[in-house]
$ cat target_37.cif   # mmCIF, C-alpha atoms
data_input
#
loop_
_atom_site.label_atom_id
_atom_site.label_comp_id
_atom_site.auth_asym_id
_atom_site.auth_seq_id
_atom_site.Cartn_x
_atom_site.Cartn_y
_atom_site.Cartn_z
CA VAL I 1 21.88 17.20 -47.86
CA ASP I 2 24.20 18.83 -50.39
CA VAL I 3 27.56 18.16 -52.01
CA GLY I 4 30.44 20.59 -52.61
CA ASP I 5 34.15 21.13 -51.98
CA LEU I 6 34.22 22.38 -48.39
CA ASP I 7 37.96 22.22 -47.72
CA GLY I 8 39.44 23.39 -51.03
CA ASP I 9 41.15 20.13 -51.99
CA GLY I 10 39.22 19.77 -55.25
CA PHE I 11 37.11 16.82 -54.08
CA PRO I 12 33.35 17.09 -53.43
CA ASP I 13 32.40 16.72 -49.78
CA LEU I 14 29.03 16.07 -48.16
CA VAL I 15 27.13 18.06 -45.56
CA SER I 16 23.76 17.44 -43.96
CA VAL I 17 21.86 18.80 -41.00
CA GLY I 18 20.81 16.20 -38.47
CA TYR I 19 19.45 16.14 -34.96
CA GLU I 20 18.91 19.48 -33.19
CA GLY I 21 20.45 21.36 -36.10
CA HIS I 22 23.92 19.78 -35.83
CA TYR I 23 26.10 19.71 -38.93
CA GLN I 24 27.11 16.30 -40.19
CA ILE I 25 30.09 16.62 -42.54
CA GLY I 26 31.90 13.98 -44.56
CA LEU I 27 35.19 15.11 -46.14
CA ASN I 28 36.14 13.33 -49.35
CA GLN I 29 39.51 11.61 -49.07
CA GLY I 30 40.04 11.69 -52.82
CA ASP I 31 38.97 8.13 -53.46
CA GLY I 32 35.25 8.56 -52.74
CA ALA I 33 35.61 7.62 -49.07
CA LEU I 34 34.09 10.16 -46.70
CA ALA I 35 35.78 10.91 -43.38
CA ARG I 36 33.03 11.89 -40.96
CA GLN I 37 33.85 14.95 -38.93
CA PRO I 38 32.63 15.58 -35.36
CA ASP I 39 29.03 16.78 -35.35
CA THR I 40 29.02 20.54 -34.95
CA PRO I 41 26.24 22.59 -33.33
CA GLY I 42 24.74 25.18 -35.63
CA GLY I 43 22.73 25.20 -38.81
CA SER I 44 19.46 26.27 -37.27
CA GLY I 45 17.73 26.02 -40.63
CA SER I 46 15.76 22.98 -41.71
CA GLY I 47 17.92 20.44 -43.51
CA ALA I 48 15.10 20.14 -46.05
CA PHE I 49 16.29 23.37 -47.68
CA LEU I 50 20.02 22.96 -47.28
CA ASP I 51 22.10 24.46 -50.09
CA LEU I 52 25.81 25.11 -50.48
CA ARG I 53 26.55 28.50 -52.07
CA ASP I 54 29.22 31.16 -51.73
CA MET I 55 27.02 33.87 -50.24
CA ASP I 56 29.81 36.15 -49.01
CA THR I 57 31.98 35.78 -52.16
CA ASP I 58 35.10 34.74 -50.26
CA GLY I 59 35.63 31.63 -52.39
CA ASN I 60 34.33 29.23 -49.73
CA LEU I 61 31.00 27.43 -49.88
CA ASP I 62 28.55 28.51 -47.19
CA TYR I 63 25.65 26.54 -45.74
CA VAL I 64 22.46 28.33 -46.86
CA PHE I 65 18.85 27.91 -45.75
CA ALA I 66 15.63 29.90 -45.93
CA GLU I 67 13.38 30.34 -42.90
CA ASN I 68 11.32 32.96 -41.09
CA GLY I 69 11.20 35.32 -44.05
CA ALA I 70 14.94 35.43 -44.73
CA VAL I 71 17.79 33.67 -46.50
CA ARG I 72 20.35 32.80 -43.84
CA TRP I 73 23.79 31.27 -44.06
CA GLU I 74 26.62 29.93 -41.96
CA ALA I 75 29.96 30.97 -43.41
CA GLY I 76 32.24 28.26 -44.76
CA LEU I 77 35.79 28.65 -43.43
CA GLY I 78 37.45 26.68 -46.21
CA ASP I 79 38.60 23.82 -43.97
CA GLY I 80 35.37 21.85 -43.81
CA THR I 81 33.90 23.82 -40.92
CA PHE I 82 31.44 26.72 -40.67
CA GLY I 83 31.33 29.93 -38.67
CA THR I 84 29.10 32.94 -38.18
CA GLY I 85 27.36 34.02 -41.37
CA GLY I 86 24.59 36.47 -42.13
CA SER I 87 21.10 36.87 -43.53
CA THR I 88 19.15 38.64 -46.27
CA PRO I 89 15.43 39.45 -45.87
CA LEU I 90 12.79 37.85 -48.09
CA PRO I 91 10.10 40.57 -48.15
CA GLY I 92 6.56 39.25 -48.35
CA SER I 93 7.62 35.59 -48.16
CA THR I 94 5.11 33.31 -46.46
CA LEU I 95 5.59 29.84 -47.98
CA ALA I 96 7.93 27.26 -46.54
CA GLY I 97 7.71 24.54 -49.18
CA ILE I 98 10.17 23.09 -51.66
CA ARG I 99 12.73 25.82 -52.33
CA ARG I 100 14.97 26.12 -55.36
CA TRP I 101 17.51 28.73 -56.34
CA VAL I 102 17.01 29.21 -60.07
CA ASP I 103 17.32 32.24 -62.38
CA VAL I 104 13.71 32.64 -63.51
CA ASP I 105 14.04 36.14 -64.98
CA GLY I 106 17.30 35.70 -66.92
CA ASP I 107 19.28 38.49 -65.23
CA GLY I 108 22.12 36.23 -64.11
CA ASN I 109 21.07 36.20 -60.44
CA ASP I 110 19.62 33.05 -58.91
CA ASP I 111 16.13 33.76 -57.61
CA LEU I 112 14.42 31.83 -54.82
CA VAL I 113 11.29 29.88 -55.71
CA ALA I 114 9.11 28.12 -53.13
CA VAL I 115 6.68 25.42 -54.22
CA GLU I 116 3.96 24.34 -51.81
CA ALA I 117 0.54 22.72 -51.93
CA SER I 118 -1.13 26.12 -52.18
CA GLY I 119 1.01 27.50 -55.00
CA LEU I 120 4.27 29.10 -56.12
CA GLU I 121 6.12 31.96 -54.49
CA VAL I 122 8.94 33.77 -56.32
CA SER I 123 11.48 36.10 -54.70
CA LEU I 124 13.53 37.80 -57.41
CA ALA I 125 17.19 38.52 -56.67
CA ASP I 126 19.00 41.62 -57.95
CA GLY I 127 22.51 40.82 -56.75
CA SER I 128 22.14 42.70 -53.47
CA GLY I 129 18.90 41.29 -52.06
CA TYR I 130 15.41 40.06 -52.92
CA ALA I 131 12.32 41.87 -54.17
CA SER I 132 8.96 41.39 -52.51
CA ALA I 133 7.68 37.87 -53.17
CA THR I 134 4.97 37.27 -55.77
CA SER I 135 2.63 34.28 -55.73
CA LEU I 136 0.66 32.01 -58.04
CA ALA I 137 -2.11 29.99 -56.41
CA PHE I 138 -2.69 26.38 -57.45
CA ASP I 139 -6.37 25.73 -58.19
CA PRO I 140 -7.14 23.17 -56.91
CA PRO I 141 -4.40 22.91 -54.25
CA MET I 142 -1.86 20.11 -54.64
CA ASN I 143 -2.25 18.48 -51.26
CA ASP I 144 0.59 15.98 -51.46
CA LEU I 145 3.11 18.28 -53.14
CA PHE I 146 4.64 19.43 -49.86
CA TRP I 147 5.40 16.15 -48.14
CA ASP I 148 6.50 16.37 -44.52
CA GLY I 149 8.76 19.35 -45.22
CA ALA I 150 11.25 17.08 -46.95
CA ASP I 151 11.86 18.22 -50.52
CA ASP I 152 10.47 17.48 -53.94
CA TRP I 153 10.68 13.71 -53.45
CA LEU I 154 7.43 12.19 -52.27
CA GLY I 155 8.45 8.82 -50.96
CA SER I 156 10.37 7.56 -53.98
CA GLU I 157 8.74 9.90 -56.50
CA ARG I 158 10.22 13.15 -57.67
CA VAL I 159 7.46 15.45 -58.82
CA THR I 160 8.91 18.92 -59.59
CA TRP I 161 11.54 20.14 -62.05
CA PHE I 162 12.65 23.60 -63.21
CA ALA I 163 14.04 23.80 -66.77
CA ASP I 164 13.55 25.53 -70.11
CA LEU I 165 11.22 23.04 -71.77
CA THR I 166 10.31 24.99 -74.91
CA GLY I 167 13.51 26.72 -76.01
CA ASP I 168 12.23 30.25 -75.40
CA GLY I 169 15.02 30.96 -72.91
CA HIS I 170 12.68 31.02 -69.91
CA VAL I 171 12.65 28.58 -67.01
CA ASP I 172 9.46 26.51 -66.76
CA LEU I 173 8.09 24.33 -63.96
CA LEU I 174 7.06 20.73 -64.65
CA ILE I 175 4.99 18.80 -62.10
CA TYR I 176 3.89 15.19 -62.43
CA ASN I 177 0.88 13.91 -60.49
CA GLY I 178 1.71 10.24 -60.03
CA ASP I 179 -0.67 7.44 -59.21
CA HIS I 180 -0.03 7.65 -55.47
CA LEU I 181 -0.28 11.42 -55.02
CA ASP I 182 -3.15 13.78 -54.30
CA LEU I 183 -2.42 16.89 -56.34
CA GLY I 184 -6.08 17.79 -56.74
CA ARG I 185 -6.34 16.02 -60.08
CA PRO I 186 -6.87 12.47 -61.33
CA PRO I 187 -3.75 10.30 -61.05
CA GLY I 188 -1.30 10.39 -63.92
CA VAL I 189 -1.41 14.06 -65.03
CA LEU I 190 1.57 16.04 -66.34
CA LEU I 191 1.49 19.80 -65.65
CA ILE I 192 3.72 22.53 -67.07
CA PHE I 193 3.70 26.08 -65.71
CA ALA I 194 5.39 28.16 -68.38
CA GLY I 195 7.79 30.85 -67.23
CA ALA I 196 7.38 34.28 -68.80
CA GLY I 197 10.96 35.35 -68.09
CA ASP I 198 9.92 37.93 -65.52
CA GLY I 199 9.41 35.59 -62.56
CA SER I 200 5.78 34.80 -63.35
CA PHE I 201 4.37 31.41 -64.33
CA ALA I 202 1.11 30.23 -65.92
CA LEU I 203 -0.38 26.76 -66.34
CA THR I 204 -0.19 26.08 -70.08
CA PHE I 205 -0.05 22.27 -70.29
CA GLU I 206 -2.13 19.68 -68.48
CA GLN I 207 -2.36 16.21 -69.99
CA PRO I 208 -3.12 12.73 -68.65
CA MET I 209 -0.04 10.57 -68.99
CA LYS I 210 0.87 7.18 -67.61
CA LEU I 211 4.45 7.46 -66.35
CA ASP I 212 4.76 4.96 -63.54
CA GLY I 213 8.55 4.67 -63.32
CA PRO I 214 11.56 6.94 -62.64
CA MET I 215 11.60 10.30 -64.40
CA ALA I 216 14.15 13.01 -65.12
CA VAL I 217 14.25 16.33 -66.96
CA GLY I 218 17.38 17.38 -68.82
CA ASP I 219 18.88 18.47 -72.13
CA ILE I 220 19.76 15.12 -73.68
CA ASP I 221 20.89 16.43 -77.08
CA GLY I 222 22.73 19.63 -76.12
CA ASP I 223 20.39 22.02 -77.93
CA GLY I 224 19.60 24.06 -74.83
CA ILE I 225 16.06 22.67 -74.50
CA ALA I 226 15.21 20.19 -71.78
CA GLU I 227 13.35 16.97 -72.49
CA LEU I 228 11.37 14.69 -70.21
CA VAL I 229 12.83 11.19 -69.89
CA ALA I 230 10.76 8.47 -68.24
CA VAL I 231 11.41 4.79 -67.66
CA PRO I 232 8.01 3.06 -67.40
CA SER I 233 8.29 0.32 -64.84
CA GLY I 234 6.90 -2.31 -67.19
CA GLN I 235 9.44 -1.50 -69.87
CA ASN I 236 12.22 -3.14 -67.86
CA ASP I 237 10.37 -6.43 -67.94
CA PRO I 238 12.20 -9.12 -69.98
CA MET I 239 8.81 -10.02 -71.48
CA PHE I 240 9.17 -6.86 -73.61
CA PRO I 241 12.68 -7.22 -75.06
CA ASP I 242 11.95 -5.22 -78.22
CA THR I 243 10.59 -2.17 -76.42
CA PRO I 244 12.99 0.72 -75.71
CA PRO I 245 13.62 0.96 -71.95
CA TRP I 246 12.76 4.64 -71.84
CA PHE I 247 10.33 7.21 -73.18
CA VAL I 248 11.42 10.71 -74.19
CA MET I 249 9.05 13.62 -74.66
CA GLN I 250 9.71 17.09 -76.02
CA PHE I 251 7.59 20.22 -75.76
CA ASN I 252 6.90 23.15 -78.09
CA TYR I 253 4.57 26.09 -78.34
CA ALA I 254 1.60 25.78 -80.68
CA ASP I 255 0.33 28.71 -82.74
CA ASP I 256 -2.13 29.66 -79.99
CA ASP I 257 0.66 29.84 -77.38
CA ARG I 258 -0.32 26.54 -75.82
CA ILE I 259 2.45 24.10 -74.97
CA VAL I 260 2.12 20.77 -76.75
CA GLY I 261 4.01 17.59 -76.01
CA GLU I 262 5.13 14.99 -78.53
CA PRO I 263 7.53 12.04 -78.73
CA TYR I 264 11.13 13.19 -78.99
CA SER I 265 12.75 13.33 -82.43
CA PRO I 266 16.57 13.69 -82.55
CA PRO I 267 17.72 16.84 -84.41
CA THR I 268 18.72 16.31 -88.03
#

$ encode --input "target_37.cif" --output "structure tokens"
Amino acid sequence: VDVGDLDGDGFPDLVSVGYEGHYQIGLNQGDGALARQPDTPGGSGSGAFLDLRDMDTDGNLDYVFAENGAVRWEAGLGDGTFGTGGSTPLPGSTLAGIRRWVDVDGDGNDDLVAVEASGLEVSLADGSGYASATSLAFDPPMNDLFWDGADDWLGSERVTWFADLTGDGHVDLLIYNGDHLDLGRPPGVLLIFAGAGDGSFALTFEQPMKLDGPMAVGDIDGDGIAELVAVPSGQNDPMFPDTPPWFVMQFNYADDDRIVGEPYSPPT
């Protein structure tokens, strides 16, 4: 499922891929109501990796998916429908896990990153195509990370985020091993794979942490550095009225290039 303006009226619409690869489109009527359009055959890609992007630079959002070693798209026609698109090879790509378009090397082009139980796979974009994929193996494997081909939500738990967590200008990967997951580690472990700015990542932070409620990663103070925000489930209990309903953590590099985490302090 993804959201974007498919018909050029300035309102965000919704598209998903349902049974047998049919498009399911809801056009925003301007008041938040979605007018469902007739299901349209097409969209052979898995809905798990659906993304709306303007791949052919015609100003219309296209339906994009990655499968069988290629990025493929159906061309948006600007009226809420899709037509014949195209494809771009992903040389050396073998993983089919959680996929994210994110600029991991800072060149202004969104790269394609796959996250699966066995590890990471990065396909760097240069504006005209993708370089041969490089991989980082998880040791031990994270068995529950790739859950039924869906996305990075395992049941009700989101477990992966890409963001610059240290302020070095490089995108990092944060993974949380919740109580109900088998990521090859004891329950309740926070992992950070630091990005080097060239498309490579290395595990530089691994710390037990009890975060049993909803989590999010984002820049809450506008300084360009993302923080981890968690709402422990017990903190919403009226028995604890004097406890803040959230926990915020920030990350920095120590002198030995390790990432350290500490409670968030607002900038002065």

$ resolve_selection --input "target_37.cif" --expression "the PyMOL selection byres ((chain I and resi 168) around 12)" --output "list in words"
Gly106, Ala163, Asp164, Leu165, Thr166, Gly167, Gly169, His170, Val171, Asp172, Ala194, Gly195, Ala196, Gly197, Asp223, Gly224, Ile225, Ala226, Phe251, Asn252, Tyr253, Asp257 and Ile259 of chain I

$ closest_residue --input "target_37.cif" --among "I:Arg36, I:Leu174, I:Ala114, I:Asp62" --to "Trp161 of chain I" --atoms "only C-alpha atoms"
I:Leu174

$ atom_distance --input "target_37.cif" --atom1 "atom CA of Trp73 of chain I" --atom2 "atom CA of Val217 of chain I"
29.0 Å

$ residues_around --input "target_37.cif" --residues "Tyr176 of chain I" --least-positions-apart "5" --cutoff "7 Å" --atoms "all atoms listed in the file" --output "list in words"
Val159, Thr160, Val189, Leu190 and Leu191 of chain I

$ atom_distance --input "target_37.cif" --atom1 "atom CA of Ser118 of chain I" --atom2 "atom CA of Ile192 of chain I"
16.1 Å

$ atom_distance --input "target_37.cif" --atom1 "atom CA of Asp51 of chain I" --atom2 "atom CA of Ala137 of chain I"
25.6 Å

$ closest_residue --input "target_37.cif" --among "I:Asn177, I:Asn28, I:Gln250, I:Ser128" --to "Asp219 of chain I" --atoms "only C-alpha atoms"
I:Gln250

$ decode --input "target_37.cif" --residues "segment 11-32 of chain I" --atoms "C-alpha atoms" --output "short mmCIF file (atom, residue, chain, number, x, y, z; two decimals), in the first residue's frame"
data_model
loop_
_atom_site.label_atom_id
_atom_site.label_comp_id
_atom_site.auth_asym_id
_atom_site.auth_seq_id
_atom_site.Cartn_x
_atom_site.Cartn_y
_atom_site.Cartn_z
CA PHE I 11 -5.04 15.38 -2.95
CA PRO I 12 -3.25 12.19 -1.84
CA ASP I 13 -4.79 9.01 -3.22
CA LEU I 14 -4.31 5.40 -2.19
CA VAL I 15 -3.18 2.40 -4.20
CA SER I 16 -2.67 -1.21 -3.19
CA VAL I 17 -2.17 -4.50 -4.96
CA GLY I 18 -4.70 -7.16 -4.10
CA TYR I 19 -5.75 -10.53 -5.43
CA GLU I 20 -3.95 -11.86 -8.52
CA GLY I 21 -2.00 -8.64 -8.88
CA HIS I 22 -5.02 -6.38 -9.46
CA TYR I 23 -4.69 -2.69 -8.63
CA GLN I 24 -7.02 -1.35 -5.98
CA ILE I 25 -7.18 2.44 -6.20
CA GLY I 26 -9.00 4.94 -4.02
CA LEU I 27 -9.12 8.51 -5.38
CA ASN I 28 -9.31 11.23 -2.74
CA GLN I 29 -12.40 13.40 -3.19
CA GLY I 30 -10.80 16.32 -1.37
CA ASP I 31 -12.47 15.69 1.96
CA GLY I 32 -10.61 12.51 2.90
#
